[in-house]
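Below is one structure, written out as structure tokens, with a few remarks after it.
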Amino acid sequence: RLKEEKRNIANGNPGDIDFQRLIKEFRHNKMGLEQPHIENTHKICVALRKRPVSAKEIQKKDHDSVSIFNPQVTVHNCKLKVDGITKYLDSTDFQFDLTFNESNTTEEVYVNTTRPLVPFVLERGRATVFAYGQTGSGKTYTMVGIQEQAVEDLFCMLKERNLDLKVHLSFFEIYGGKCQDLLNSRNRLDVREDGQGMVHIAGLEEFVANTSRELREMVQIGNS
């Protein structure tokens, strides 16, 4: 038992060894049930990406209590029975279109969630990709990787299809009730609605990117 506990700590997964054994057994029983990731073709795709246990959580001796078996995620609530001694898992399942564990790369997330949108946009479609989650959950890390790969694919497809299209970029932020232009010195902007119910951002600058490098640099400026 002591050796197992030390091994868990060395692997960055400290915490109650009995609960960890229960979670390990749960995952073992689920092996083979995970579905392969399939490129999204739906109009709306909701995907979940699990992050690794953080250094702060390791210091607090928190353990990994989330299991991913695409397209399902299971959250394990570790509890004691009424005797105050016997430990058990109260597990809750959630279903998504796609789920990714901590070993899946950002490229895998991009290929299966976002890449199908690039040709759709080149056919004059409108697409939106956004990340939602608590602070420190990996939103920026994931979105920066997705942006970089989308930029490359966008210009590659423009060249392959010999399309006479230009890439325009605007970059703004809405935070705390304020709208700012991230490519123009964070100037304050006004969000307005016209008579047809269409939303317009007055004063938002728009730039043309002629190469993938130019577009990447603009995105980096906006993210900084």
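Going by the structure tokens order, chains are called A, B, ..., each with residues numbered from 1, while ligands are numbered from 1 in the order shown.
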Sorted per-residue table, stretch 94-177 of chain A near stretch 58-67 of chain A, closest atoms and distance, 12 Å, only C-alpha atoms, as a tab-separated table:
```
residue	atom	partner	partner_atom	distance
A:Phe94	CA	A:Ser67	CA	10.5
A:Thr99	CA	A:Ser67	CA	10.2
A:Phe100	CA	A:Ser67	CA	10.1
A:Asn101	CA	A:Ser67	CA	8.0
A:Glu102	CA	A:Ser67	CA	10.1
```
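Residues in contact with stretch 142-149 of chain A at up to 10 Å, not including ones fewer than 2 positions away on its chain and judged by only C-alpha atoms, are Arg49, Thr105, Thr106, Glu107, Glu108, Val109, Tyr110, Val111, Thr113, Thr114, Arg115, Val129, Phe130, Ala131, Ser137, Gly138, Lys139, Thr140, Val151, Glu152, Asp153, Leu154, Ser212, Arg213, Leu215, Arg216, Val219, Gln220 and Asn223 of chain A.
Using only C-alpha atoms for every distance, the candidate list A:Phe155, A:Tyr175, A:Phe69, A:Phe19 yields A:Phe69 as the residue closest to A:Pro36.
Atom to atom, atom CA of A:Asp164 and atom CA of A:Glu217 stand 22.3 Å apart.
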I'd like to know which residues of stretch 129-192 of chain A are helix (DSSP H, G or I) (by DSSP, run on the backbone); could you write them as a count of residues only? 22
Using only C-alpha atoms, which residues sit within 12 Å of stretch 23-27 of chain A once same-chain residues fewer than 4 positions away are excluded, as a PyMOL selection string? chain A and resi 8+13+16-19+31-34+63-69+73-78+87-91
Counting only C-alpha atoms, which residue out of A:Ile201, A:Ser224, A:Cys156, A:Glu173 sits closest to A:Pro119? A:Cys156
Within 12 Å of stretch 185-194 of chain A, counting only C-alpha atoms, which residues show up once you throw out same-chain ones fewer than 5 positions away? Write them as a list in words, please. Phe171, Phe172, Glu173, Ile174, Tyr175, Gly177, Lys178, Cys179, Gln180, Val199, His200, Ile201, Ala202, Gly203, Leu204, Glu205, Ile221, Gly222, Asn223 and Ser224 of chain A
